[in-house]
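What follows is the content of target_34.cif (mmCIF, C-alpha atoms).
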```
data_entry
#
loop_
_atom_site.group_PDB
_atom_site.id
_atom_site.type_symbol
_atom_site.label_atom_id
_atom_site.label_comp_id
_atom_site.auth_asym_id
_atom_site.auth_seq_id
_atom_site.Cartn_x
_atom_site.Cartn_y
_atom_site.Cartn_z
ATOM 1 C CA MET A 1 149.259 92.507 84.079
ATOM 2 C CA PHE A 2 146.834 91.599 86.908
ATOM 3 C CA TRP A 3 143.825 92.297 84.674
ATOM 4 C CA SER A 4 145.300 90.297 81.793
ATOM 5 C CA ILE A 5 145.461 87.310 84.161
ATOM 6 C CA VAL A 6 141.850 87.902 85.294
ATOM 7 C CA GLY A 7 140.725 88.059 81.642
ATOM 8 C CA THR A 8 142.724 84.947 80.703
ATOM 9 C CA CYS A 9 141.293 82.988 83.670
ATOM 10 C CA ALA A 10 137.747 84.147 82.809
ATOM 11 C CA ALA A 11 138.172 83.057 79.171
ATOM 12 C CA SER A 12 139.823 79.714 80.051
ATOM 13 C CA LEU A 13 137.190 78.749 82.636
ATOM 14 C CA THR A 14 134.211 79.492 80.358
ATOM 15 C CA MET A 15 135.920 78.140 77.200
ATOM 16 C CA LEU A 16 136.679 74.744 78.802
ATOM 17 C CA SER A 17 133.460 74.530 80.835
ATOM 18 C CA PHE A 18 131.921 71.671 78.838
ATOM 19 C CA ILE A 19 134.877 69.305 79.281
ATOM 20 C CA PRO A 20 133.536 68.066 82.695
ATOM 21 C CA GLN A 21 130.062 67.617 81.151
ATOM 22 C CA ILE A 22 131.576 65.499 78.347
ATOM 23 C CA TYR A 23 133.466 63.434 80.943
ATOM 24 C CA LYS A 24 130.317 62.938 83.056
ATOM 25 C CA ILE A 25 128.179 61.814 80.087
ATOM 26 C CA VAL A 26 130.865 59.343 78.929
ATOM 27 C CA LYS A 27 131.343 57.979 82.468
ATOM 28 C CA THR A 28 127.642 57.594 83.349
ATOM 29 C CA ARG A 29 126.507 56.830 79.758
ATOM 30 C CA SER A 30 123.528 59.107 80.415
ATOM 31 C CA ALA A 31 122.628 62.629 79.267
ATOM 32 C CA ARG A 32 118.904 62.476 79.986
ATOM 33 C CA ASP A 33 118.856 65.507 82.326
ATOM 34 C CA VAL A 34 121.024 67.696 80.081
ATOM 35 C CA SER A 35 118.986 70.339 78.226
ATOM 36 C CA PHE A 36 119.200 69.999 74.421
ATOM 37 C CA MET A 37 117.936 73.582 74.035
ATOM 38 C CA THR A 38 120.747 74.871 76.290
ATOM 39 C CA LEU A 39 123.321 73.074 74.098
ATOM 40 C CA LEU A 40 121.638 74.309 70.896
ATOM 41 C CA GLN A 41 121.412 77.934 72.088
ATOM 42 C CA LEU A 42 125.083 77.878 73.141
ATOM 43 C CA THR A 43 126.150 76.294 69.814
ATOM 44 C CA LEU A 44 124.278 78.938 67.793
ATOM 45 C CA GLY A 45 125.449 81.754 70.087
ATOM 46 C CA VAL A 46 129.092 80.676 70.013
ATOM 47 C CA SER A 47 128.934 80.296 66.183
ATOM 48 C CA LEU A 48 127.677 83.898 65.937
ATOM 49 C CA TRP A 49 130.491 84.991 68.318
ATOM 50 C CA ILE A 50 132.975 83.396 65.882
ATOM 51 C CA ALA A 51 131.378 85.306 62.963
ATOM 52 C CA TYR A 52 131.524 88.504 65.040
ATOM 53 C CA GLY A 53 135.189 87.797 65.897
ATOM 54 C CA VAL A 54 135.992 87.293 62.189
ATOM 55 C CA HIS A 55 134.292 90.647 61.473
ATOM 56 C CA LEU A 56 136.375 92.336 64.216
ATOM 57 C CA LYS A 57 139.497 90.387 63.065
ATOM 58 C CA ASP A 58 139.981 89.479 66.761
ATOM 59 C CA ALA A 59 141.988 86.251 67.139
ATOM 60 C CA ILE A 60 141.098 85.918 70.847
ATOM 61 C CA ILE A 61 137.314 85.983 70.253
ATOM 62 C CA ILE A 62 137.685 83.548 67.329
ATOM 63 C CA GLY A 63 140.063 81.148 69.109
ATOM 64 C CA ALA A 64 138.201 80.959 72.429
ATOM 65 C CA ASN A 65 134.856 80.407 70.722
ATOM 66 C CA VAL A 66 136.187 77.787 68.280
ATOM 67 C CA ILE A 67 137.395 75.714 71.265
ATOM 68 C CA THR A 68 133.992 76.152 72.981
ATOM 69 C CA LEU A 69 132.200 75.230 69.735
ATOM 70 C CA VAL A 70 134.198 71.991 69.340
ATOM 71 C CA SER A 71 133.407 70.957 72.951
ATOM 72 C CA LEU A 72 129.711 71.816 72.453
ATOM 73 C CA LEU A 73 129.526 69.750 69.239
ATOM 74 C CA ILE A 74 131.068 66.778 71.085
ATOM 75 C CA THR A 75 128.511 67.266 73.923
ATOM 76 C CA LEU A 76 125.658 67.407 71.375
ATOM 77 C CA GLY A 77 126.896 64.181 69.732
ATOM 78 C CA LEU A 78 127.070 62.451 73.130
ATOM 79 C CA TYR A 79 123.606 63.815 74.010
ATOM 80 C CA TYR A 80 122.190 62.095 70.915
ATOM 81 C CA LYS A 81 123.955 58.852 71.784
ATOM 82 C CA TYR A 82 123.055 58.711 75.497
ATOM 83 C CA ARG A 83 119.848 60.739 76.007
ATOM 84 C CA MET B 1 124.138 97.694 61.734
ATOM 85 C CA PHE B 2 124.219 94.056 60.469
ATOM 86 C CA TRP B 3 127.178 93.239 62.709
ATOM 87 C CA SER B 4 125.521 94.895 65.718
ATOM 88 C CA ILE B 5 122.590 92.519 65.207
ATOM 89 C CA VAL B 6 124.970 89.515 64.920
ATOM 90 C CA GLY B 7 126.717 90.581 68.156
ATOM 91 C CA THR B 8 123.418 91.158 69.970
ATOM 92 C CA CYS B 9 122.076 87.744 68.866
ATOM 93 C CA ALA B 10 125.345 86.054 69.924
ATOM 94 C CA ALA B 11 125.219 87.710 73.355
ATOM 95 C CA SER B 12 121.489 87.021 73.880
ATOM 96 C CA LEU B 13 121.729 83.337 72.906
ATOM 97 C CA THR B 14 124.692 82.603 75.184
ATOM 98 C CA MET B 15 123.452 84.859 78.033
ATOM 99 C CA LEU B 16 120.053 83.128 78.205
ATOM 100 C CA SER B 17 121.347 79.616 77.471
ATOM 101 C CA PHE B 18 120.688 78.201 80.946
ATOM 102 C CA ILE B 19 116.980 79.131 80.996
ATOM 103 C CA PRO B 20 116.011 75.869 79.151
ATOM 104 C CA GLN B 21 118.230 73.865 81.556
ATOM 105 C CA ILE B 22 116.440 75.470 84.553
ATOM 106 C CA TYR B 23 113.069 74.663 82.947
ATOM 107 C CA LYS B 24 114.095 71.026 82.272
ATOM 108 C CA ILE B 25 115.349 70.433 85.851
ATOM 109 C CA VAL B 26 112.163 71.934 87.350
ATOM 110 C CA LYS B 27 109.934 69.899 84.983
ATOM 111 C CA THR B 28 111.698 66.546 85.418
ATOM 112 C CA ARG B 29 112.774 67.157 89.065
ATOM 113 C CA SER B 30 116.122 65.623 88.137
ATOM 114 C CA ALA B 31 119.587 67.088 87.550
ATOM 115 C CA ARG B 32 121.598 63.883 87.998
ATOM 116 C CA ASP B 33 123.274 64.001 84.553
ATOM 117 C CA VAL B 34 124.141 67.718 84.746
ATOM 118 C CA SER B 35 127.846 68.298 85.473
ATOM 119 C CA PHE B 36 128.439 70.228 88.727
ATOM 120 C CA MET B 37 131.979 71.081 87.580
ATOM 121 C CA THR B 38 130.622 72.600 84.345
ATOM 122 C CA LEU B 39 128.266 74.810 86.388
ATOM 123 C CA LEU B 40 131.040 75.719 88.847
ATOM 124 C CA GLN B 41 133.576 76.560 86.094
ATOM 125 C CA LEU B 42 130.995 78.731 84.298
ATOM 126 C CA THR B 43 130.017 80.494 87.568
ATOM 127 C CA LEU B 44 133.655 81.277 88.395
ATOM 128 C CA GLY B 45 134.451 82.248 84.796
ATOM 129 C CA VAL B 46 131.413 84.512 84.446
ATOM 130 C CA SER B 47 132.227 86.155 87.832
ATOM 131 C CA LEU B 48 135.730 86.933 86.552
ATOM 132 C CA TRP B 49 134.201 88.314 83.322
ATOM 133 C CA ILE B 50 132.108 90.684 85.490
ATOM 134 C CA ALA B 51 135.264 91.799 87.372
ATOM 135 C CA TYR B 52 137.026 92.280 84.005
ATOM 136 C CA GLY B 53 134.021 94.279 82.714
ATOM 137 C CA VAL B 54 134.104 96.504 85.828
ATOM 138 C CA HIS B 55 137.832 97.063 85.176
ATOM 139 C CA LEU B 56 137.103 98.002 81.527
ATOM 140 C CA LYS B 57 134.024 100.043 82.643
ATOM 141 C CA ASP B 58 132.094 98.141 79.919
ATOM 142 C CA ALA B 59 128.358 98.010 80.696
ATOM 143 C CA ILE B 60 127.699 95.348 78.027
ATOM 144 C CA ILE B 61 130.232 92.862 79.466
ATOM 145 C CA ILE B 62 128.948 93.519 83.003
ATOM 146 C CA GLY B 63 125.229 93.347 82.129
ATOM 147 C CA ALA B 64 125.384 90.212 79.965
ATOM 148 C CA ASN B 65 127.476 88.326 82.497
ATOM 149 C CA VAL B 66 125.332 89.388 85.494
ATOM 150 C CA ILE B 67 122.285 87.868 83.753
ATOM 151 C CA THR B 68 124.255 84.680 82.994
ATOM 152 C CA LEU B 69 125.511 84.566 86.606
ATOM 153 C CA VAL B 70 121.972 84.817 88.039
ATOM 154 C CA SER B 71 120.760 81.967 85.779
ATOM 155 C CA LEU B 72 123.806 79.841 86.718
ATOM 156 C CA LEU B 73 123.211 80.398 90.458
ATOM 157 C CA ILE B 74 119.585 79.310 90.019
ATOM 158 C CA THR B 75 120.786 76.209 88.095
ATOM 159 C CA LEU B 76 123.309 75.424 90.874
ATOM 160 C CA GLY B 77 120.568 75.751 93.529
ATOM 161 C CA LEU B 78 118.310 73.408 91.549
ATOM 162 C CA TYR B 79 121.233 70.988 91.038
ATOM 163 C CA TYR B 80 121.633 70.720 94.820
ATOM 164 C CA LYS B 81 117.912 70.166 95.283
ATOM 165 C CA TYR B 82 117.423 67.578 92.512
ATOM 166 C CA ARG B 83 120.775 65.826 91.911
#
```
In structure tokens, what does this structure look like?
Amino acid sequence: MFWSIVGTCAASLTMLSFIPQIYKIVKTRSARDVSFMTLLQLTLGVSLWIAYGVHLKDAIIIGANVITLVSLLITLGLYYKYR
Amino acid sequence: MFWSIVGTCAASLTMLSFIPQIYKIVKTRSARDVSFMTLLQLTLGVSLWIAYGVHLKDAIIIGANVITLVSLLITLGLYYKYR
């Protein structure tokens, strides 16, 4: 039970980590210092995690990474608008 | 074999994703647009992943997240210097 909570907190924190970055870019209308390569590497990596999750038929890996992917795609879109 | 390569690529891309951000902050001497909360959430999340990996006795989860944690701590240090 304790370790399920630790795992859930770990997944939630990392999965939702780009929400504050999205908020900051929208608020300041600037993404100049954000690394495009970091966003690109994460987008590719998370996409491969989704493929790997589909292979393992693991709903947790798929679900967590789909949410991360959506937030990364929004961040990439904002990067292009405000860089 | 194919899926091991997909998993390894996924892990490598996400694990090393903050290296370009470190490089960009050092080069531009600015981290103003980087979200502190994003870095903090990832640092906490990755730390919990390490604890979860220790619980599962899974060297891959521990190793990958230790590398990510080190790069995030460097990024946080640079954020404080150049924000």
From A:Ile5, A:Leu76, A:Ile67, A:Leu13, residue lying nearest Leu44 in chain B [all atoms listed in the file]: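 Smallest distance to Leu44 in chain B is found for A:Leu13.
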Sort by chain and increasing residue number a table of all residues of range 29-49 of chain B within 10 Å of range 17-29 of chain A, each with its closest pair of atoms and their distance in Å to one decimal, counting only C-alpha atoms, and write it as JSON lines.
```
{"residue": "B:Arg32", "atom": "CA", "partner": "A:Thr28", "partner_atom": "CA", "distance": 9.9}
{"residue": "B:Asp33", "atom": "CA", "partner": "A:Ile25", "partner_atom": "CA", "distance": 7.0}
{"residue": "B:Val34", "atom": "CA", "partner": "A:Gln21", "partner_atom": "CA", "distance": 6.9}
{"residue": "B:Ser35", "atom": "CA", "partner": "A:Gln21", "partner_atom": "CA", "distance": 4.9}
{"residue": "B:Phe36", "atom": "CA", "partner": "A:Gln21", "partner_atom": "CA", "distance": 8.2}
{"residue": "B:Met37", "atom": "CA", "partner": "A:Pro20", "partner_atom": "CA", "distance": 5.9}
{"residue": "B:Thr38", "atom": "CA", "partner": "A:Ser17", "partner_atom": "CA", "distance": 4.9}
{"residue": "B:Leu39", "atom": "CA", "partner": "A:Ser17", "partner_atom": "CA", "distance": 7.6}
{"residue": "B:Leu40", "atom": "CA", "partner": "A:Ser17", "partner_atom": "CA", "distance": 8.5}
{"residue": "B:Gln41", "atom": "CA", "partner": "A:Ser17", "partner_atom": "CA", "distance": 5.6}
{"residue": "B:Leu42", "atom": "CA", "partner": "A:Ser17", "partner_atom": "CA", "distance": 6.0}
{"residue": "B:Thr43", "atom": "CA", "partner": "A:Ser17", "partner_atom": "CA", "distance": 9.6}
{"residue": "B:Gly45", "atom": "CA", "partner": "A:Ser17", "partner_atom": "CA", "distance": 8.7}
```
Take chain A, lay it over chain B with a least-squares fit on all the Cα atoms in order, then hand it over as a PDB file with C-alpha atoms, in the frame of the given file.
```pdb
ATOM      1  CA  MET A   1     124.134  97.681  61.691  1.00  0.00           C
ATOM      2  CA  PHE A   2     124.223  94.057  60.439  1.00  0.00           C
ATOM      3  CA  TRP A   3     127.176  93.250  62.711  1.00  0.00           C
ATOM      4  CA  SER A   4     125.524  94.908  65.711  1.00  0.00           C
ATOM      5  CA  ILE A   5     122.592  92.518  65.213  1.00  0.00           C
ATOM      6  CA  VAL A   6     124.966  89.527  64.916  1.00  0.00           C
ATOM      7  CA  GLY A   7     126.721  90.593  68.142  1.00  0.00           C
ATOM      8  CA  THR A   8     123.417  91.174  69.962  1.00  0.00           C
ATOM      9  CA  CYS A   9     122.077  87.755  68.866  1.00  0.00           C
ATOM     10  CA  ALA A  10     125.348  86.064  69.913  1.00  0.00           C
ATOM     11  CA  ALA A  11     125.216  87.724  73.352  1.00  0.00           C
ATOM     12  CA  SER A  12     121.485  87.031  73.876  1.00  0.00           C
ATOM     13  CA  LEU A  13     121.723  83.350  72.908  1.00  0.00           C
ATOM     14  CA  THR A  14     124.702  82.607  75.186  1.00  0.00           C
ATOM     15  CA  MET A  15     123.460  84.865  78.029  1.00  0.00           C
ATOM     16  CA  LEU A  16     120.053  83.123  78.214  1.00  0.00           C
ATOM     17  CA  SER A  17     121.353  79.615  77.477  1.00  0.00           C
ATOM     18  CA  PHE A  18     120.694  78.209  80.958  1.00  0.00           C
ATOM     19  CA  ILE A  19     116.997  79.138  81.015  1.00  0.00           C
ATOM     20  CA  PRO A  20     116.020  75.880  79.165  1.00  0.00           C
ATOM     21  CA  GLN A  21     118.228  73.874  81.564  1.00  0.00           C
ATOM     22  CA  ILE A  22     116.445  75.470  84.549  1.00  0.00           C
ATOM     23  CA  TYR A  23     113.073  74.659  82.954  1.00  0.00           C
ATOM     24  CA  LYS A  24     114.100  71.038  82.274  1.00  0.00           C
ATOM     25  CA  ILE A  25     115.351  70.442  85.841  1.00  0.00           C
ATOM     26  CA  VAL A  26     112.157  71.927  87.342  1.00  0.00           C
ATOM     27  CA  LYS A  27     109.933  69.903  84.982  1.00  0.00           C
ATOM     28  CA  THR A  28     111.701  66.540  85.405  1.00  0.00           C
ATOM     29  CA  ARG A  29     112.762  67.160  89.046  1.00  0.00           C
ATOM     30  CA  SER A  30     116.122  65.623  88.132  1.00  0.00           C
ATOM     31  CA  ALA A  31     119.593  67.088  87.546  1.00  0.00           C
ATOM     32  CA  ARG A  32     121.590  63.891  87.992  1.00  0.00           C
ATOM     33  CA  ASP A  33     123.268  64.021  84.553  1.00  0.00           C
ATOM     34  CA  VAL A  34     124.139  67.727  84.746  1.00  0.00           C
ATOM     35  CA  SER A  35     127.840  68.312  85.478  1.00  0.00           C
ATOM     36  CA  PHE A  36     128.439  70.230  88.734  1.00  0.00           C
ATOM     37  CA  MET A  37     131.982  71.069  87.582  1.00  0.00           C
ATOM     38  CA  THR A  38     130.624  72.597  84.347  1.00  0.00           C
ATOM     39  CA  LEU A  39     128.267  74.816  86.391  1.00  0.00           C
ATOM     40  CA  LEU A  40     131.051  75.718  88.850  1.00  0.00           C
ATOM     41  CA  GLN A  41     133.577  76.554  86.106  1.00  0.00           C
ATOM     42  CA  LEU A  42     130.999  78.730  84.315  1.00  0.00           C
ATOM     43  CA  THR A  43     130.024  80.492  87.580  1.00  0.00           C
ATOM     44  CA  LEU A  44     133.666  81.284  88.405  1.00  0.00           C
ATOM     45  CA  GLY A  45     134.444  82.249  84.796  1.00  0.00           C
ATOM     46  CA  VAL A  46     131.415  84.517  84.455  1.00  0.00           C
ATOM     47  CA  SER A  47     132.220  86.154  87.848  1.00  0.00           C
ATOM     48  CA  LEU A  48     135.737  86.936  86.569  1.00  0.00           C
ATOM     49  CA  TRP A  49     134.198  88.316  83.327  1.00  0.00           C
ATOM     50  CA  ILE A  50     132.110  90.680  85.495  1.00  0.00           C
ATOM     51  CA  ALA A  51     135.270  91.802  87.360  1.00  0.00           C
ATOM     52  CA  TYR A  52     137.020  92.283  84.003  1.00  0.00           C
ATOM     53  CA  GLY A  53     134.013  94.264  82.702  1.00  0.00           C
ATOM     54  CA  VAL A  54     134.101  96.499  85.807  1.00  0.00           C
ATOM     55  CA  HIS A  55     137.829  97.078  85.155  1.00  0.00           C
ATOM     56  CA  LEU A  56     137.090  97.997  81.505  1.00  0.00           C
ATOM     57  CA  LYS A  57     134.013 100.033  82.625  1.00  0.00           C
ATOM     58  CA  ASP A  58     132.084  98.137  79.905  1.00  0.00           C
ATOM     59  CA  ALA A  59     128.348  98.011  80.693  1.00  0.00           C
ATOM     60  CA  ILE A  60     127.691  95.342  78.030  1.00  0.00           C
ATOM     61  CA  ILE A  61     130.227  92.856  79.467  1.00  0.00           C
ATOM     62  CA  ILE A  62     128.944  93.522  83.006  1.00  0.00           C
ATOM     63  CA  GLY A  63     125.233  93.335  82.126  1.00  0.00           C
ATOM     64  CA  ALA A  64     125.382  90.201  79.962  1.00  0.00           C
ATOM     65  CA  ASN A  65     127.476  88.327  82.514  1.00  0.00           C
ATOM     66  CA  VAL A  66     125.339  89.384  85.500  1.00  0.00           C
ATOM     67  CA  ILE A  67     122.281  87.867  83.763  1.00  0.00           C
ATOM     68  CA  THR A  68     124.262  84.670  83.008  1.00  0.00           C
ATOM     69  CA  LEU A  69     125.521  84.559  86.613  1.00  0.00           C
ATOM     70  CA  VAL A  70     121.983  84.810  88.048  1.00  0.00           C
ATOM     71  CA  SER A  71     120.768  81.953  85.791  1.00  0.00           C
ATOM     72  CA  LEU A  72     123.816  79.835  86.727  1.00  0.00           C
ATOM     73  CA  LEU A  73     123.225  80.397  90.464  1.00  0.00           C
ATOM     74  CA  ILE A  74     119.587  79.302  90.033  1.00  0.00           C
ATOM     75  CA  THR A  75     120.793  76.193  88.107  1.00  0.00           C
ATOM     76  CA  LEU A  76     123.317  75.413  90.878  1.00  0.00           C
ATOM     77  CA  GLY A  77     120.580  75.732  93.532  1.00  0.00           C
ATOM     78  CA  LEU A  78     118.307  73.391  91.551  1.00  0.00           C
ATOM     79  CA  TYR A  79     121.231  70.977  91.036  1.00  0.00           C
ATOM     80  CA  TYR A  80     121.626  70.717  94.820  1.00  0.00           C
ATOM     81  CA  LYS A  81     117.901  70.159  95.274  1.00  0.00           C
ATOM     82  CA  TYR A  82     117.392  67.564  92.513  1.00  0.00           C
ATOM     83  CA  ARG A  83     120.745  65.821  91.904  1.00  0.00           C
TER      84      ARG A  83
END
```
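Residues with at least one atom no more than 9 Å from (128.8, 84.8, 66.0), using only C-alpha atoms, are A:Leu44, A:Gly45, A:Val46, A:Ser47, A:Leu48, A:Trp49, A:Ile50, A:Ala51, A:Tyr52, A:Gly53, A:Val54, A:Asn65, B:Val6, B:Gly7, B:Cys9, B:Ala10, B:Ala11.
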Give me a file of those residues, with C-alpha atoms, as a compact mmCIF listing (two decimals), in the frame of the given file.
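The resulting file, again_3.txt, is reproduced below:
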```
# COMPACT_ATOMS: atom_id res chain seq x y z
CA LEU A 44 124.28 78.94 67.79
CA GLY A 45 125.45 81.75 70.09
CA VAL A 46 129.09 80.68 70.01
CA SER A 47 128.93 80.30 66.18
CA LEU A 48 127.68 83.90 65.94
CA TRP A 49 130.49 84.99 68.32
CA ILE A 50 132.98 83.40 65.88
CA ALA A 51 131.38 85.31 62.96
CA TYR A 52 131.52 88.50 65.04
CA GLY A 53 135.19 87.80 65.90
CA VAL A 54 135.99 87.29 62.19
CA ASN A 65 134.86 80.41 70.72
CA VAL B 6 124.97 89.52 64.92
CA GLY B 7 126.72 90.58 68.16
CA CYS B 9 122.08 87.74 68.87
CA ALA B 10 125.34 86.05 69.92
CA ALA B 11 125.22 87.71 73.36
```
Axis-aligned box for all listed atoms of range 59-72 of chain A, 5 Å per side, centre and edges in Å to one decimal, as AutoDock Vina command-line options:
```
--center_x 135.8 --center_y 78.6 --center_z 70.1 --size_x 22.3 --size_y 25.3 --size_z 15.8
```
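Picture a line from CA of Leu16 in chain B to CA of Thr68 in chain B; it runs 6.6 Å.
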CA of Thr8 in chain B to CA of Ile60 in chain B, straight-line distance in Å: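 Computing it gives 10.0 Å between the two atoms.
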Sel. within 9 Å of pt (122.3, 62.4, 73.2), counting only C-alpha atoms, output as a PyMOL selection string: chain A and resi 30-32+34+36+75-83
How would the residues just chosen look if you wrote them out with C-alpha atoms as a short mmCIF file (atom, residue, chain, number, x, y, z; two decimals), in the frame of the given file?
```
data_model
loop_
_atom_site.label_atom_id
_atom_site.label_comp_id
_atom_site.auth_asym_id
_atom_site.auth_seq_id
_atom_site.Cartn_x
_atom_site.Cartn_y
_atom_site.Cartn_z
CA SER A 30 123.53 59.11 80.42
CA ALA A 31 122.63 62.63 79.27
CA ARG A 32 118.90 62.48 79.99
CA VAL A 34 121.02 67.70 80.08
CA PHE A 36 119.20 70.00 74.42
CA THR A 75 128.51 67.27 73.92
CA LEU A 76 125.66 67.41 71.38
CA GLY A 77 126.90 64.18 69.73
CA LEU A 78 127.07 62.45 73.13
CA TYR A 79 123.61 63.82 74.01
CA TYR A 80 122.19 62.10 70.92
CA LYS A 81 123.96 58.85 71.78
CA TYR A 82 123.06 58.71 75.50
CA ARG A 83 119.85 60.74 76.01
#
```
Nearest-residue call for chain A, choices B:Met15, B:Leu73, B:Val66, B:Ile61, using only C-alpha atoms: B:Met15
Computed interatomic separation between CA of Ala59 in chain A and CA of Val70 in chain B (Å):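 The value is 29.0 Å.
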